[in-house]
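Below is one structure, written out as C-alpha cells, with a few remarks after it.
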Amino acid sequence: MNCPKYPDLLVYVDGKFIPEVNVLNIIEPDGLFESLIFKEGKIFKLEEHLQRLYDGAKVIKIPLDKDKLILAIHQTIKKNNLTNGYIRISVFKSSLQIIVRPLPQYPEEIYTQGVSIITVPTRRHFIESTNPQVKSSNFAANIMAKIEATSHFEAIMFNENGYVTEGTISNIFVCKKGKLVTPPIYLGLLKGITRDFVIELAQKEQIEVKEEPITRFDLYCSDEVFLTFTSAGIVPVIQIDGRIIGNGHPGILTQKLGGVLI
C-alpha cells in the first residue's frame with residue numbers, strides 16, 4: 001500500500017534521522033510493526049503496544065531493547081515537533097524505523113452516521129501457521145481482503161471454520177440485548193490494544209462483555225456493531241453486506257463508549 005511522503009518530517013532509521021522522502025521502504029517477511037497515536041504529547045497505551053512488539057520479536061528472534069526503543073520514539077516525536085500524531089514502528093532483523101506523522105483525520109460522519117462494511121471470502125491465517133499475536137509485515141491476506149471490500153469502509157474476515165475473526169485493521173464488537181460480544185482470541189485474531197481498552201471501559205460502565213464465537217448470522221441480527229482500531233477509536237457500523245444493522249444509526253452503547261474513548 002502506497003502512503004504519502006512528508007518531505008518536512010524526519011524518520012528514525014537505525015539511530016539516525018533522515019528526511020522521510022529519502023527513506024527506502026524496507027519489506028521483509030519476518031518483520032514486525034506497531035501503530036500508535038499520541039495526543040497532547042501523551043502516547044496511547046505505549047507500554048501495551050511495546051510489550052506486544054517485544055513478544056513478537058522474541059517469537060521470531062529479533063533482538064529488541066524496549067528501553068532504547070522508548071527513547072528513540074520520544075526523540076522522533078521531539079525532532080518532528082508534533083503534539084498530536086501517529087507513530088509507525090517497523091522492526092526488521094536488518095533495521096529499525098520509526099515514522100511520526102500528523103494524526104489521521106477521519107470524517108466526522110463516520111462517527112455520527114456510521115459506516116458500511118462487508119464480509120469477504122479471504123480467510124484469516126490459520127492460527128498454527130501464522131499466529132496473529134505476532135503482528136508481522138506478512139500482511140498479504142489483509143491487503144487482499146481490503147481490495148475485496150471495494151467501496152466499503154472495512155472488510156471482515158472469517159477463520160477456516162467460518163467464525164468471525166476481525167477486519168483488515170480492526171477488531172469487531174456486536175451488541176445484542178444490551179450485551180457486548182467480541183470474538184475470542186483463540187479463533188485467530190489479533191488481541192487489539194484498543195479492543196482490550198474498550199472491554200475495560202465497558203466493564204467500568206457496568207456493561208456485560210463476552211468473548212464468544214460470532215457467525216455471519218450474528219452480525220446481521222445484532223442491535224449494534226462497531227469496530228475498534230488505534231487511529232480511529234470506535235467506529236459505528238450501520239450496514240453489513242447490504243443488511244441494515246439495528247435501526248440504521250449508531251447505537252446507544254456505541255455512542256456511550258465512543259464518547260468515553262474520544
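To be explicit about the labels: the chains of the C-alpha cells are called A, B, and onward in the order shown, and within each one the residues are counted from 1, while ligands get numbers from 1 in the order they are shown.
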Counting only C-alpha atoms, give me one row per residue of segment 48-106 of chain A with an atom at most 8 Å from an atom of segment 228-251 of chain A, showing the shortest contact pair and its distance in Å to one decimal, sorted by chain then residue number, as JSON lines.
```
{"residue": "A:Tyr86", "atom": "CA", "partner": "A:Ser231", "partner_atom": "CA", "distance": 7.5}
{"residue": "A:Leu103", "atom": "CA", "partner": "A:Ser231", "partner_atom": "CA", "distance": 7.7}
{"residue": "A:Pro104", "atom": "CA", "partner": "A:Ser231", "partner_atom": "CA", "distance": 6.8}
{"residue": "A:Tyr106", "atom": "CA", "partner": "A:Ala232", "partner_atom": "CA", "distance": 7.1}
```
With C-alpha atoms retained, export the selected residues as a short mmCIF file (atom, residue, chain, number, x, y, z; two decimals), in the first residue's frame.
```cif
data_model
loop_
_atom_site.label_atom_id
_atom_site.label_comp_id
_atom_site.auth_asym_id
_atom_site.auth_seq_id
_atom_site.Cartn_x
_atom_site.Cartn_y
_atom_site.Cartn_z
CA TYR A 86 0.62 8.85 14.53
CA LEU A 103 -2.68 12.39 13.39
CA PRO A 104 -5.06 10.96 10.76
CA TYR A 106 -11.30 10.80 9.83
#
```
Once you count only C-alpha atoms, what closest atom pair and distance in Å to one decimal does each residue of segment 39-144 of chain A within 8 Å of segment 193-203 of chain A have, with rows by chain and rising residue number, as a Markdown table?
```
| residue | atom | partner | partner_atom | distance |
| --- | --- | --- | --- | --- |
| A:Lys45 | CA | A:Ile193 | CA | 7.4 |
| A:Glu48 | CA | A:Ile193 | CA | 6.9 |
| A:His49 | CA | A:Ile193 | CA | 7.0 |
```
If you keep C-alpha atoms, can you produce a file of those selected residues as a PDB file, in the first residue's frame?
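Saved to again.pdb:
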```pdb
ATOM      1  CA  LYS A  45      -1.092   2.628  25.654  1.00  0.00           C
ATOM      2  CA  GLU A  48       0.977  -2.361  25.896  1.00  0.00           C
ATOM      3  CA  HIS A  49       1.995  -1.730  22.288  1.00  0.00           C
TER       4      HIS A  49
END
```
DSSP on the backbone, then: every residue of segment 12-254 of chain A marked strand (DSSP E), written as a PyMOL selection string. chain A and resi 12-13+16-19+32-39+42-43+85-91+96-102+115-119+154-158+164-167+171-176+179-182+209-211+224-229+233-240+243-244
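Using only C-alpha atoms, the residues found no farther than 7 Å from Pro184 of chain A, other than those of its own chain fewer than 2 positions away, are A:Thr182, A:Tyr186, A:Leu187, A:Glu211, A:Glu212, A:Pro213.
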Skipping near chain neighbours, those fewer than 5 positions away, what residues fall within 7 Å of Pro132 of chain A using only C-alpha atoms, listed as an NGL selection string? :A and (127 or 188-190)
Those same residues, written as a PDB file, in the first residue's frame with C-alpha atoms?
```pdb
ATOM      1  CA  ILE A 127      -3.512 -19.795  13.710  1.00  0.00           C
ATOM      2  CA  GLY A 188      -7.354 -16.465  15.215  1.00  0.00           C
ATOM      3  CA  LEU A 189      -7.401 -12.692  15.640  1.00  0.00           C
ATOM      4  CA  LEU A 190      -5.053 -10.043  16.929  1.00  0.00           C
TER       5      LEU A 190
END
```
In segment 129-198 of chain A, what's helix (DSSP H, G or I) per DSSP? Answer as number ranges by chain? A: 140-148, 185-187, 193-198
Using the selection just defined, write its residues with all heavy atoms as a CSV table (one decimal), in the first residue's frame.
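Output saved as result_7.csv:
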```csv
chain,number,residue,atom,x,y,z
A,140,ALA,N,-0.3,-9.9,3.5
A,140,ALA,CA,-1.0,-10.2,2.2
A,140,ALA,C,-2.5,-10.5,2.3
A,140,ALA,O,-3.3,-9.9,1.5
A,140,ALA,CB,-0.2,-11.3,1.5
A,141,ALA,N,-2.9,-11.3,3.3
A,141,ALA,CA,-4.3,-11.7,3.4
A,141,ALA,C,-5.1,-10.4,3.7
A,141,ALA,O,-6.2,-10.3,3.1
A,141,ALA,CB,-4.5,-12.7,4.5
A,142,ASN,N,-4.6,-9.6,4.5
A,142,ASN,CA,-5.4,-8.3,4.9
A,142,ASN,C,-5.5,-7.4,3.7
A,142,ASN,O,-6.5,-6.8,3.5
A,142,ASN,CB,-4.7,-7.6,6.0
A,142,ASN,CG,-4.6,-8.4,7.3
A,142,ASN,OD1,-3.9,-9.5,7.3
A,142,ASN,ND2,-5.2,-8.0,8.4
A,143,ILE,N,-4.4,-7.3,2.9
A,143,ILE,CA,-4.5,-6.5,1.7
A,143,ILE,C,-5.5,-7.0,0.7
A,143,ILE,O,-6.3,-6.2,0.1
A,143,ILE,CB,-3.0,-6.4,1.1
A,143,ILE,CG1,-2.1,-5.6,2.0
A,143,ILE,CG2,-3.1,-5.7,-0.3
A,143,ILE,CD1,-0.7,-5.6,1.6
A,144,MET,N,-5.5,-8.3,0.5
A,144,MET,CA,-6.4,-8.9,-0.4
A,144,MET,C,-7.9,-8.7,0.0
A,144,MET,O,-8.8,-8.4,-0.8
A,144,MET,CB,-6.1,-10.4,-0.6
A,144,MET,CG,-4.8,-10.6,-1.4
A,144,MET,SD,-4.6,-12.4,-1.9
A,144,MET,CE,-4.3,-13.1,-0.3
A,145,ALA,N,-8.1,-8.9,1.3
A,145,ALA,CA,-9.4,-8.6,1.9
A,145,ALA,C,-9.9,-7.2,1.7
A,145,ALA,O,-11.0,-6.9,1.4
A,145,ALA,CB,-9.4,-9.0,3.4
A,146,LYS,N,-8.9,-6.3,1.9
A,146,LYS,CA,-9.3,-4.8,1.8
A,146,LYS,C,-9.6,-4.5,0.3
A,146,LYS,O,-10.5,-3.7,0.0
A,146,LYS,CB,-8.1,-4.0,2.2
A,146,LYS,CG,-8.4,-2.5,2.3
A,146,LYS,CD,-9.4,-2.2,3.4
A,146,LYS,CE,-9.6,-0.7,3.6
A,146,LYS,NZ,-10.6,-0.4,4.6
A,147,ILE,N,-8.9,-5.2,-0.6
A,147,ILE,CA,-9.2,-5.0,-2.1
A,147,ILE,C,-10.7,-5.5,-2.3
A,147,ILE,O,-11.4,-4.8,-3.1
A,147,ILE,CB,-8.2,-5.7,-2.9
A,147,ILE,CG1,-6.9,-5.0,-2.9
A,147,ILE,CG2,-8.7,-5.8,-4.4
A,147,ILE,CD1,-5.7,-5.8,-3.5
A,148,GLU,N,-11.0,-6.6,-1.7
A,148,GLU,CA,-12.4,-7.2,-1.9
A,148,GLU,C,-13.5,-6.3,-1.3
A,148,GLU,O,-14.6,-6.3,-1.7
A,148,GLU,CB,-12.4,-8.5,-1.3
A,148,GLU,CG,-11.6,-9.6,-2.0
A,148,GLU,CD,-11.5,-10.9,-1.2
A,148,GLU,OE1,-12.1,-11.0,-0.1
A,148,GLU,OE2,-10.7,-11.8,-1.6
A,185,ILE,N,-9.8,-14.6,21.3
A,185,ILE,CA,-8.5,-14.6,20.6
A,185,ILE,C,-8.2,-16.0,20.0
A,185,ILE,O,-7.6,-16.1,18.9
A,185,ILE,CB,-7.4,-14.3,21.6
A,185,ILE,CG1,-7.6,-12.9,22.2
A,185,ILE,CG2,-6.0,-14.3,21.0
A,185,ILE,CD1,-7.7,-11.8,21.2
A,186,TYR,N,-8.7,-17.1,20.6
A,186,TYR,CA,-8.3,-18.4,20.1
A,186,TYR,C,-8.9,-18.7,18.7
A,186,TYR,O,-8.4,-19.7,18.1
A,186,TYR,CB,-8.7,-19.5,21.1
A,186,TYR,CG,-10.2,-19.7,21.3
A,186,TYR,CD1,-11.0,-20.3,20.4
A,186,TYR,CD2,-10.8,-19.2,22.5
A,186,TYR,CE1,-12.3,-20.5,20.6
A,186,TYR,CE2,-12.2,-19.4,22.7
A,186,TYR,CZ,-12.9,-20.1,21.7
A,186,TYR,OH,-14.3,-20.2,21.9
A,187,LEU,N,-9.8,-17.9,18.2
A,187,LEU,CA,-10.3,-18.1,16.9
A,187,LEU,C,-9.4,-17.6,15.8
A,187,LEU,O,-9.6,-17.9,14.6
A,187,LEU,CB,-11.7,-17.5,16.7
A,187,LEU,CG,-12.8,-18.1,17.5
A,187,LEU,CD1,-14.2,-17.3,17.3
A,187,LEU,CD2,-13.0,-19.6,17.2
A,193,ILE,N,-5.1,-3.7,21.1
A,193,ILE,CA,-4.9,-2.8,22.3
A,193,ILE,C,-6.1,-2.0,22.5
A,193,ILE,O,-6.6,-1.9,23.7
A,193,ILE,CB,-3.7,-1.9,22.1
A,193,ILE,CG1,-2.4,-2.6,21.7
A,193,ILE,CG2,-3.5,-1.0,23.3
A,193,ILE,CD1,-2.0,-3.6,22.8
A,194,THR,N,-6.7,-1.4,21.5
A,194,THR,CA,-8.0,-0.6,21.6
A,194,THR,C,-9.1,-1.6,22.0
A,194,THR,O,-10.0,-1.2,22.7
A,194,THR,CB,-8.3,0.2,20.4
A,194,THR,OG1,-7.1,0.9,20.0
A,194,THR,CG2,-9.4,1.1,20.6
A,195,ARG,N,-9.1,-2.8,21.4
A,195,ARG,CA,-10.1,-3.8,21.8
A,195,ARG,C,-10.1,-4.0,23.3
A,195,ARG,O,-11.2,-4.0,23.9
A,195,ARG,CB,-9.8,-5.1,21.0
A,195,ARG,CG,-10.6,-6.3,21.5
A,195,ARG,CD,-10.0,-7.6,20.9
A,195,ARG,NE,-10.7,-8.8,21.2
A,195,ARG,CZ,-10.5,-9.5,22.3
A,195,ARG,NH1,-9.6,-9.1,23.2
A,195,ARG,NH2,-11.2,-10.6,22.5
A,196,ASP,N,-9.0,-4.3,23.9
A,196,ASP,CA,-8.9,-4.5,25.3
A,196,ASP,C,-9.3,-3.3,26.1
A,196,ASP,O,-10.0,-3.4,27.2
A,196,ASP,CB,-7.5,-4.9,25.7
A,196,ASP,CG,-7.1,-6.4,25.2
A,196,ASP,OD1,-8.0,-7.0,24.7
A,196,ASP,OD2,-6.0,-6.8,25.4
A,197,PHE,N,-8.9,-2.1,25.6
A,197,PHE,CA,-9.3,-0.9,26.3
A,197,PHE,C,-10.8,-0.7,26.3
A,197,PHE,O,-11.4,-0.3,27.4
A,197,PHE,CB,-8.6,0.3,25.6
A,197,PHE,CG,-8.8,1.6,26.3
A,197,PHE,CD1,-8.5,1.8,27.6
A,197,PHE,CD2,-9.4,2.7,25.6
A,197,PHE,CE1,-8.7,3.1,28.2
A,197,PHE,CE2,-9.6,3.9,26.2
A,197,PHE,CZ,-9.3,4.1,27.5
A,198,VAL,N,-11.5,-1.0,25.2
A,198,VAL,CA,-12.9,-0.9,25.1
A,198,VAL,C,-13.6,-1.9,26.1
A,198,VAL,O,-14.6,-1.6,26.7
A,198,VAL,CB,-13.4,-1.1,23.7
A,198,VAL,CG1,-14.9,-1.2,23.6
A,198,VAL,CG2,-13.0,0.1,22.8
```
Selected residue, from A:Val21, A:Val13, A:Leu32, A:Leu257, that lies nearest to Leu96 of chain A when counting only C-alpha atoms: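 The closest residue to Leu96 of chain A is A:Val13.
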